[in-house]
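Source file: run_0.txt. Holds: compact mmCIF, N, CA and C atoms.
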# COMPACT_ATOMS: atom_id res chain seq x y z
N MET A 1212 0.83 -1.18 0.00
CA MET A 1212 0.00 0.00 0.00
C MET A 1212 0.87 1.24 0.00
N GLY A 1213 0.29 2.35 -0.32
CA GLY A 1213 1.02 3.62 -0.36
C GLY A 1213 1.09 4.25 1.02
N PRO A 1214 1.31 5.55 1.02
CA PRO A 1214 1.44 6.24 2.30
C PRO A 1214 0.13 6.24 3.08
N ARG A 1215 -0.95 6.11 2.40
CA ARG A 1215 -2.26 6.11 3.05
C ARG A 1215 -2.95 4.79 2.70
N ALA A 1216 -3.26 4.01 3.71
CA ALA A 1216 -3.93 2.73 3.48
C ALA A 1216 -5.40 2.99 3.14
N GLU A 1217 -5.83 2.47 2.01
CA GLU A 1217 -7.20 2.69 1.56
C GLU A 1217 -8.00 1.42 1.75
N ASN A 1218 -9.20 1.58 2.22
CA ASN A 1218 -10.10 0.45 2.38
C ASN A 1218 -10.90 0.30 1.09
N ASP A 1219 -10.59 -0.75 0.34
CA ASP A 1219 -11.22 -0.96 -0.96
C ASP A 1219 -12.44 -1.86 -0.91
N SER A 1220 -12.88 -2.24 0.27
CA SER A 1220 -13.99 -3.20 0.33
C SER A 1220 -15.25 -2.64 -0.30
N TRP A 1221 -15.53 -1.36 -0.14
CA TRP A 1221 -16.74 -0.80 -0.73
C TRP A 1221 -16.61 -0.72 -2.26
N VAL A 1222 -15.38 -0.59 -2.76
CA VAL A 1222 -15.19 -0.55 -4.21
C VAL A 1222 -15.44 -1.94 -4.81
N TYR A 1223 -15.09 -2.99 -4.07
CA TYR A 1223 -15.40 -4.33 -4.53
C TYR A 1223 -16.92 -4.56 -4.58
N VAL A 1224 -17.65 -3.98 -3.65
CA VAL A 1224 -19.11 -4.08 -3.67
C VAL A 1224 -19.66 -3.36 -4.90
N VAL A 1225 -19.11 -2.18 -5.20
CA VAL A 1225 -19.53 -1.45 -6.40
C VAL A 1225 -19.21 -2.27 -7.66
N ALA A 1226 -18.03 -2.89 -7.69
CA ALA A 1226 -17.64 -3.71 -8.84
C ALA A 1226 -18.57 -4.90 -9.01
N ALA A 1227 -18.92 -5.54 -7.90
CA ALA A 1227 -19.85 -6.68 -7.97
C ALA A 1227 -21.22 -6.22 -8.45
N ALA A 1228 -21.68 -5.07 -7.96
CA ALA A 1228 -22.97 -4.54 -8.40
C ALA A 1228 -22.95 -4.20 -9.90
N CYS A 1229 -21.84 -3.66 -10.37
CA CYS A 1229 -21.71 -3.38 -11.81
C CYS A 1229 -21.74 -4.67 -12.63
N GLY A 1230 -21.09 -5.72 -12.12
CA GLY A 1230 -21.11 -7.00 -12.81
C GLY A 1230 -22.50 -7.60 -12.87
N VAL A 1231 -23.22 -7.53 -11.75
CA VAL A 1231 -24.60 -8.03 -11.72
C VAL A 1231 -25.47 -7.20 -12.66
N ALA A 1232 -25.28 -5.88 -12.66
CA ALA A 1232 -26.06 -5.02 -13.56
C ALA A 1232 -25.80 -5.36 -15.02
N ALA A 1233 -24.53 -5.60 -15.36
CA ALA A 1233 -24.21 -6.00 -16.73
C ALA A 1233 -24.83 -7.35 -17.06
N GLY A 1234 -24.83 -8.26 -16.11
CA GLY A 1234 -25.47 -9.56 -16.32
C GLY A 1234 -26.97 -9.44 -16.53
N VAL A 1235 -27.60 -8.56 -15.77
CA VAL A 1235 -29.04 -8.33 -15.93
C VAL A 1235 -29.33 -7.72 -17.29
N VAL A 1236 -28.51 -6.78 -17.73
CA VAL A 1236 -28.69 -6.20 -19.07
C VAL A 1236 -28.57 -7.28 -20.12
N ASP A 1237 -27.61 -8.19 -19.95
CA ASP A 1237 -27.43 -9.25 -20.93
C ASP A 1237 -28.60 -10.22 -20.93
N VAL A 1238 -29.13 -10.53 -19.75
CA VAL A 1238 -30.25 -11.48 -19.67
C VAL A 1238 -31.53 -10.85 -20.19
N VAL A 1239 -31.83 -9.64 -19.75
CA VAL A 1239 -33.12 -9.01 -20.10
C VAL A 1239 -33.13 -8.52 -21.53
N ILE A 1240 -32.09 -7.81 -21.96
CA ILE A 1240 -32.07 -7.24 -23.31
C ILE A 1240 -31.48 -8.22 -24.31
N GLY A 1241 -30.45 -8.94 -23.90
CA GLY A 1241 -29.86 -9.96 -24.76
C GLY A 1241 -28.93 -9.42 -25.83
N ASP A 1242 -28.49 -8.18 -25.69
CA ASP A 1242 -27.59 -7.57 -26.66
C ASP A 1242 -26.19 -7.56 -26.08
N LEU A 1243 -25.30 -8.34 -26.66
CA LEU A 1243 -23.94 -8.46 -26.14
C LEU A 1243 -23.16 -7.17 -26.28
N LEU A 1244 -23.43 -6.38 -27.32
CA LEU A 1244 -22.72 -5.11 -27.50
C LEU A 1244 -23.12 -4.09 -26.44
N LEU A 1245 -24.38 -4.03 -26.09
CA LEU A 1245 -24.82 -3.13 -25.02
C LEU A 1245 -24.22 -3.57 -23.68
N THR A 1246 -24.18 -4.86 -23.46
CA THR A 1246 -23.57 -5.38 -22.25
C THR A 1246 -22.08 -5.05 -22.21
N ALA A 1247 -21.40 -5.14 -23.34
CA ALA A 1247 -19.99 -4.78 -23.41
C ALA A 1247 -19.80 -3.30 -23.09
N LEU A 1248 -20.72 -2.44 -23.55
CA LEU A 1248 -20.65 -1.03 -23.23
C LEU A 1248 -20.80 -0.79 -21.73
N VAL A 1249 -21.70 -1.51 -21.10
CA VAL A 1249 -21.87 -1.40 -19.64
C VAL A 1249 -20.60 -1.85 -18.93
N VAL A 1250 -19.99 -2.92 -19.41
CA VAL A 1250 -18.76 -3.43 -18.80
C VAL A 1250 -17.62 -2.44 -18.97
N VAL A 1251 -17.49 -1.84 -20.15
CA VAL A 1251 -16.44 -0.84 -20.38
C VAL A 1251 -16.65 0.37 -19.46
N ALA A 1252 -17.89 0.83 -19.36
CA ALA A 1252 -18.18 1.98 -18.50
C ALA A 1252 -17.87 1.67 -17.04
N ALA A 1253 -18.23 0.48 -16.59
CA ALA A 1253 -17.92 0.09 -15.21
C ALA A 1253 -16.42 -0.01 -14.99
N GLY A 1254 -15.70 -0.55 -15.97
CA GLY A 1254 -14.26 -0.66 -15.86
C GLY A 1254 -13.58 0.71 -15.81
N ILE A 1255 -14.06 1.64 -16.63
CA ILE A 1255 -13.50 2.99 -16.62
C ILE A 1255 -13.74 3.64 -15.26
N LEU A 1256 -14.96 3.53 -14.76
CA LEU A 1256 -15.29 4.11 -13.46
C LEU A 1256 -14.41 3.54 -12.36
N LEU A 1257 -14.30 2.24 -12.31
CA LEU A 1257 -13.50 1.60 -11.26
C LEU A 1257 -12.01 1.87 -11.43
N GLY A 1258 -11.55 1.92 -12.68
CA GLY A 1258 -10.15 2.24 -12.93
C GLY A 1258 -9.79 3.65 -12.52
N ILE A 1259 -10.73 4.57 -12.67
CA ILE A 1259 -10.51 5.95 -12.23
C ILE A 1259 -10.55 6.03 -10.71
N MET A 1260 -11.49 5.30 -10.10
CA MET A 1260 -11.61 5.35 -8.65
C MET A 1260 -10.39 4.76 -7.94
N ARG A 1261 -9.93 3.62 -8.42
CA ARG A 1261 -8.78 2.94 -7.81
C ARG A 1261 -7.86 2.46 -8.93
N PRO A 1262 -6.89 3.30 -9.34
CA PRO A 1262 -6.07 2.97 -10.50
C PRO A 1262 -5.01 1.90 -10.26
N ARG A 1263 -4.68 1.60 -9.02
CA ARG A 1263 -3.67 0.56 -8.77
C ARG A 1263 -4.29 -0.82 -8.99
N ARG A 1264 -3.58 -1.68 -9.69
CA ARG A 1264 -4.00 -3.06 -9.97
C ARG A 1264 -5.40 -3.13 -10.62
N PRO A 1265 -5.54 -2.59 -11.83
CA PRO A 1265 -6.86 -2.60 -12.47
C PRO A 1265 -7.35 -3.99 -12.85
N TRP A 1266 -6.47 -4.99 -12.88
CA TRP A 1266 -6.91 -6.35 -13.21
C TRP A 1266 -7.94 -6.86 -12.21
N ARG A 1267 -7.92 -6.36 -10.98
CA ARG A 1267 -8.88 -6.85 -9.98
C ARG A 1267 -10.30 -6.41 -10.32
N TRP A 1268 -10.45 -5.26 -11.00
CA TRP A 1268 -11.79 -4.81 -11.39
C TRP A 1268 -12.29 -5.62 -12.58
N VAL A 1269 -11.37 -6.01 -13.45
CA VAL A 1269 -11.74 -6.86 -14.59
C VAL A 1269 -12.32 -8.17 -14.07
N ILE A 1270 -11.62 -8.77 -13.13
CA ILE A 1270 -12.06 -10.07 -12.60
C ILE A 1270 -13.35 -9.93 -11.80
N THR A 1271 -13.42 -8.90 -10.95
CA THR A 1271 -14.60 -8.75 -10.09
C THR A 1271 -15.85 -8.47 -10.90
N VAL A 1272 -15.77 -7.57 -11.86
CA VAL A 1272 -16.95 -7.28 -12.70
C VAL A 1272 -17.24 -8.48 -13.60
N GLY A 1273 -16.21 -9.02 -14.21
CA GLY A 1273 -16.40 -10.07 -15.21
C GLY A 1273 -16.96 -11.36 -14.66
N ILE A 1274 -16.62 -11.72 -13.44
CA ILE A 1274 -17.08 -13.00 -12.91
C ILE A 1274 -18.57 -12.98 -12.58
N PHE A 1275 -19.11 -11.79 -12.28
CA PHE A 1275 -20.52 -11.73 -11.90
C PHE A 1275 -21.46 -11.78 -13.10
N ILE A 1276 -20.96 -11.58 -14.30
CA ILE A 1276 -21.83 -11.63 -15.48
C ILE A 1276 -22.28 -13.07 -15.76
N PRO A 1277 -21.36 -14.03 -15.90
CA PRO A 1277 -21.83 -15.40 -16.09
C PRO A 1277 -22.58 -15.96 -14.88
N LEU A 1278 -22.19 -15.52 -13.69
CA LEU A 1278 -22.92 -15.98 -12.49
C LEU A 1278 -24.36 -15.48 -12.51
N THR A 1279 -24.57 -14.24 -12.97
CA THR A 1279 -25.93 -13.72 -13.09
C THR A 1279 -26.70 -14.47 -14.16
N GLU A 1280 -26.04 -14.81 -15.25
CA GLU A 1280 -26.69 -15.57 -16.31
C GLU A 1280 -27.10 -16.97 -15.82
N ILE A 1281 -26.21 -17.60 -15.10
CA ILE A 1281 -26.51 -18.94 -14.56
C ILE A 1281 -27.63 -18.86 -13.54
N ALA A 1282 -27.60 -17.82 -12.68
CA ALA A 1282 -28.68 -17.65 -11.70
C ALA A 1282 -30.01 -17.41 -12.39
N ALA A 1283 -30.01 -16.62 -13.46
CA ALA A 1283 -31.24 -16.38 -14.22
C ALA A 1283 -31.75 -17.67 -14.85
N TYR A 1284 -30.84 -18.48 -15.34
CA TYR A 1284 -31.24 -19.74 -15.95
C TYR A 1284 -31.87 -20.68 -14.92
N LEU A 1285 -31.29 -20.70 -13.72
CA LEU A 1285 -31.78 -21.61 -12.69
C LEU A 1285 -33.02 -21.11 -11.97
N LEU A 1286 -33.15 -19.79 -11.80
CA LEU A 1286 -34.20 -19.26 -10.92
C LEU A 1286 -35.35 -18.57 -11.63
N LEU A 1287 -35.13 -18.04 -12.82
CA LEU A 1287 -36.15 -17.23 -13.47
C LEU A 1287 -36.76 -17.96 -14.65
N THR A 1288 -37.84 -17.38 -15.15
CA THR A 1288 -38.47 -17.94 -16.34
C THR A 1288 -37.74 -17.50 -17.60
N VAL A 1289 -36.95 -16.44 -17.50
CA VAL A 1289 -36.12 -16.00 -18.62
C VAL A 1289 -34.94 -16.95 -18.71
N LYS A 1290 -34.82 -17.65 -19.80
CA LYS A 1290 -33.77 -18.65 -19.95
C LYS A 1290 -32.78 -18.21 -21.03
N PRO A 1291 -31.60 -17.70 -20.61
CA PRO A 1291 -30.59 -17.41 -21.63
C PRO A 1291 -30.09 -18.72 -22.25
N SER A 1292 -29.74 -18.63 -23.51
CA SER A 1292 -29.24 -19.83 -24.18
C SER A 1292 -27.86 -20.19 -23.65
N ARG A 1293 -27.46 -21.42 -23.91
CA ARG A 1293 -26.13 -21.87 -23.49
C ARG A 1293 -25.04 -21.03 -24.16
N ALA A 1294 -25.27 -20.68 -25.41
CA ALA A 1294 -24.31 -19.85 -26.14
C ALA A 1294 -24.20 -18.47 -25.51
N GLN A 1295 -25.31 -17.93 -25.02
CA GLN A 1295 -25.29 -16.62 -24.37
C GLN A 1295 -24.47 -16.67 -23.07
N VAL A 1296 -24.59 -17.74 -22.33
CA VAL A 1296 -23.80 -17.89 -21.10
C VAL A 1296 -22.32 -18.02 -21.45
N TYR A 1297 -22.01 -18.80 -22.47
CA TYR A 1297 -20.60 -18.95 -22.87
C TYR A 1297 -20.04 -17.63 -23.42
N ALA A 1298 -20.85 -16.90 -24.17
CA ALA A 1298 -20.39 -15.63 -24.74
C ALA A 1298 -20.17 -14.57 -23.66
N SER A 1299 -20.83 -14.72 -22.52
CA SER A 1299 -20.65 -13.73 -21.46
C SER A 1299 -19.22 -13.77 -20.89
N TRP A 1300 -18.51 -14.88 -21.10
CA TRP A 1300 -17.11 -14.94 -20.67
C TRP A 1300 -16.23 -14.04 -21.53
N LEU A 1301 -16.67 -13.74 -22.74
CA LEU A 1301 -15.90 -12.85 -23.61
C LEU A 1301 -15.92 -11.40 -23.13
N LEU A 1302 -16.81 -11.09 -22.21
CA LEU A 1302 -16.92 -9.71 -21.72
C LEU A 1302 -15.77 -9.31 -20.82
N PHE A 1303 -14.86 -10.26 -20.55
CA PHE A 1303 -13.64 -9.88 -19.85
C PHE A 1303 -12.78 -8.96 -20.74
N LEU A 1304 -12.86 -9.14 -22.05
CA LEU A 1304 -12.03 -8.36 -22.97
C LEU A 1304 -12.35 -6.87 -22.95
N PRO A 1305 -13.61 -6.45 -23.09
CA PRO A 1305 -13.87 -5.01 -22.94
C PRO A 1305 -13.66 -4.53 -21.52
N GLY A 1306 -13.77 -5.42 -20.55
CA GLY A 1306 -13.47 -5.04 -19.17
C GLY A 1306 -12.02 -4.68 -18.99
N ILE A 1307 -11.14 -5.40 -19.68
CA ILE A 1307 -9.70 -5.09 -19.64
C ILE A 1307 -9.47 -3.69 -20.21
N ALA A 1308 -10.07 -3.41 -21.35
CA ALA A 1308 -9.89 -2.10 -21.97
C ALA A 1308 -10.40 -0.98 -21.07
N GLY A 1309 -11.55 -1.19 -20.45
CA GLY A 1309 -12.12 -0.15 -19.60
C GLY A 1309 -11.31 0.09 -18.34
N ALA A 1310 -10.96 -0.98 -17.64
CA ALA A 1310 -10.24 -0.83 -16.37
C ALA A 1310 -8.86 -0.23 -16.57
N TYR A 1311 -8.14 -0.74 -17.56
CA TYR A 1311 -6.80 -0.20 -17.80
C TYR A 1311 -6.87 1.21 -18.39
N GLY A 1312 -7.87 1.49 -19.20
CA GLY A 1312 -8.05 2.84 -19.73
C GLY A 1312 -8.36 3.84 -18.62
N GLY A 1313 -9.24 3.48 -17.70
CA GLY A 1313 -9.53 4.35 -16.56
C GLY A 1313 -8.33 4.56 -15.67
N SER A 1314 -7.55 3.51 -15.49
CA SER A 1314 -6.34 3.61 -14.67
C SER A 1314 -5.32 4.54 -15.31
N VAL A 1315 -5.12 4.40 -16.62
CA VAL A 1315 -4.18 5.28 -17.32
C VAL A 1315 -4.67 6.72 -17.27
N PHE A 1316 -5.96 6.92 -17.47
CA PHE A 1316 -6.52 8.27 -17.40
C PHE A 1316 -6.27 8.91 -16.05
N ARG A 1317 -6.54 8.16 -14.98
CA ARG A 1317 -6.32 8.69 -13.63
C ARG A 1317 -4.85 9.01 -13.38
N ASN A 1318 -3.95 8.15 -13.84
CA ASN A 1318 -2.53 8.39 -13.65
C ASN A 1318 -2.06 9.61 -14.45
N VAL A 1319 -2.59 9.81 -15.65
CA VAL A 1319 -2.23 10.98 -16.45
C VAL A 1319 -2.72 12.25 -15.75
N VAL A 1320 -3.94 12.24 -15.26
CA VAL A 1320 -4.48 13.41 -14.56
C VAL A 1320 -3.65 13.70 -13.31
N ASN A 1321 -3.28 12.67 -12.55
CA ASN A 1321 -2.44 12.87 -11.37
C ASN A 1321 -1.09 13.47 -11.74
N ASN A 1322 -0.48 12.98 -12.82
CA ASN A 1322 0.80 13.53 -13.27
C ASN A 1322 0.69 14.98 -13.72
N LEU A 1323 -0.42 15.33 -14.38
CA LEU A 1323 -0.61 16.71 -14.81
C LEU A 1323 -0.81 17.63 -13.62
N ARG A 1324 -1.49 17.16 -12.59
CA ARG A 1324 -1.68 17.97 -11.38
C ARG A 1324 -0.37 18.22 -10.66
N GLN A 1325 0.51 17.24 -10.67
CA GLN A 1325 1.80 17.41 -10.00
C GLN A 1325 2.71 18.36 -10.75
N GLY A 1326 2.47 18.53 -12.02
CA GLY A 1326 3.31 19.39 -12.85
C GLY A 1326 3.05 20.87 -12.68
N LYS A 1327 1.98 21.25 -11.99
CA LYS A 1327 1.64 22.67 -11.82
C LYS A 1327 2.68 23.40 -11.03

Encoded form (structure tokens):
Amino acid sequence: MGPRAENDSWVYVVAAACGVAAGVVDVVIGDLLLTALVVVAAGILLGIMRPRRPWRWVITVGIFIPLTEIAAYLLLTVKPSRAQVYASWLLFLPGIAGAYGGSVFRNVVNNLRQGK
């Protein structure tokens, strides 16, 4: 940790909520591109909030999408296809772009502020 220890537990809750929200979008609307947009937006937000180790946001958001799809298949009358559940694993890729992009953005802004 840095000079100030940060409690990231609430950020993990936000990341899990973003993953569940992306999973719900995928189950209800069924559009993988819209779901990818939600994942990228969540990754950017989390990468900006906590730029150190952005891979953790990729994993935290990404794992809840297939879990939400599986839960919907088991518990709800809305039944995503098997291909839709398998395709939800591909949403780790836009998550990588979002989380690392947000992290880079935050680091650039921090560097510009220090240059004043």

Give me the region 1223-1272 of chain A side of the contact with region 1308-1315 of chain A, cut-off 6.5 Å, one line per residue showing its nearest atom pair and distance in Å at one decimal, counting all atoms listed in the file, sorted by chain and residue number, as JSON lines.
{"residue": "A:Val1250", "atom": "C", "partner": "A:Gly1309", "partner_atom": "CA", "distance": 6.0}
{"residue": "A:Val1251", "atom": "CA", "partner": "A:Gly1309", "partner_atom": "CA", "distance": 4.4}
{"residue": "A:Ala1252", "atom": "N", "partner": "A:Gly1309", "partner_atom": "CA", "distance": 5.9}
{"residue": "A:Ala1253", "atom": "C", "partner": "A:Gly1309", "partner_atom": "C", "distance": 6.1}
{"residue": "A:Gly1254", "atom": "C", "partner": "A:Gly1309", "partner_atom": "C", "distance": 3.5}
{"residue": "A:Ile1255", "atom": "N", "partner": "A:Gly1309", "partner_atom": "C", "distance": 3.6}
{"residue": "A:Leu1256", "atom": "N", "partner": "A:Gly1313", "partner_atom": "CA", "distance": 5.8}
{"residue": "A:Leu1257", "atom": "C", "partner": "A:Ala1310", "partner_atom": "CA", "distance": 5.9}
{"residue": "A:Gly1258", "atom": "C", "partner": "A:Gly1313", "partner_atom": "C", "distance": 3.6}
{"residue": "A:Ile1259", "atom": "N", "partner": "A:Gly1313", "partner_atom": "C", "distance": 3.8}
{"residue": "A:Met1260", "atom": "N", "partner": "A:Gly1313", "partner_atom": "C", "distance": 6.4}
{"residue": "A:Arg1261", "atom": "C", "partner": "A:Ser1314", "partner_atom": "CA", "distance": 6.0}
{"residue": "A:Pro1262", "atom": "CA", "partner": "A:Ser1314", "partner_atom": "CA", "distance": 4.2}
{"residue": "A:Arg1263", "atom": "N", "partner": "A:Ser1314", "partner_atom": "CA", "distance": 6.2}
{"residue": "A:Pro1265", "atom": "CA", "partner": "A:Ala1310", "partner_atom": "C", "distance": 5.1}
{"residue": "A:Trp1266", "atom": "N", "partner": "A:Ala1310", "partner_atom": "C", "distance": 6.5}
{"residue": "A:Trp1268", "atom": "C", "partner": "A:Ala1310", "partner_atom": "CA", "distance": 6.4}
{"residue": "A:Val1269", "atom": "N", "partner": "A:Ala1310", "partner_atom": "CA", "distance": 6.1}

Best match for closeness to Leu1304 (chain A) among A:Leu1248, A:Ile1281, A:Leu1323, A:Leu1287, counting only C-alpha atoms: A:Leu1248

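Distances here use only N, CA and C atoms; by that measure, the residue among A:Ile1270, A:Gln1325, A:Leu1243, A:Arg1264 closest to Ser1299 (chain A) is A:Leu1243.
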
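As for atom C of Ser1292 (chain A) and CA of Val1225 (chain A), they are spaced 26.8 Å apart.
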
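The space separating CA of Glu1280 (chain A) from atom C of Gly1234 (chain A) comes to 6.1 Å.
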
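Among the candidates A:Ala1228, A:Arg1317, A:Ser1220, A:Gly1273, the residue lying nearest to Ala1247 (chain A) is A:Gly1273 (atoms considered: only C-alpha atoms).
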
Residue nearest Thr1279 (chain A) - candidates A:Ile1307, A:Tyr1297, A:Val1231, A:Tyr1223, atoms counted: all atoms listed in the file: A:Val1231

Atom N of Thr1271 (chain A) to atom C of Pro1305 (chain A), distance in Å rounded to a single decimal: 11.4 Å

Pick from A:Val1319, A:Leu1244, A:Ala1282, A:Val1249, whichever lies nearest to Ala1232 (chain A) using all atoms listed in the file: A:Val1249

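Counting all atoms listed in the file and comparing A:Phe1303, A:Val1222, A:Val1238, A:Arg1267, the residue that lies closest to Val1289 (chain A) is A:Val1238.
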
Alpha helix (DSSP H) call set, DSSP backbone run, chain A, as a PyMOL selection string: chain A and resi 1220-1239+1243-1260+1266-1286+1293-1298+1303-1325
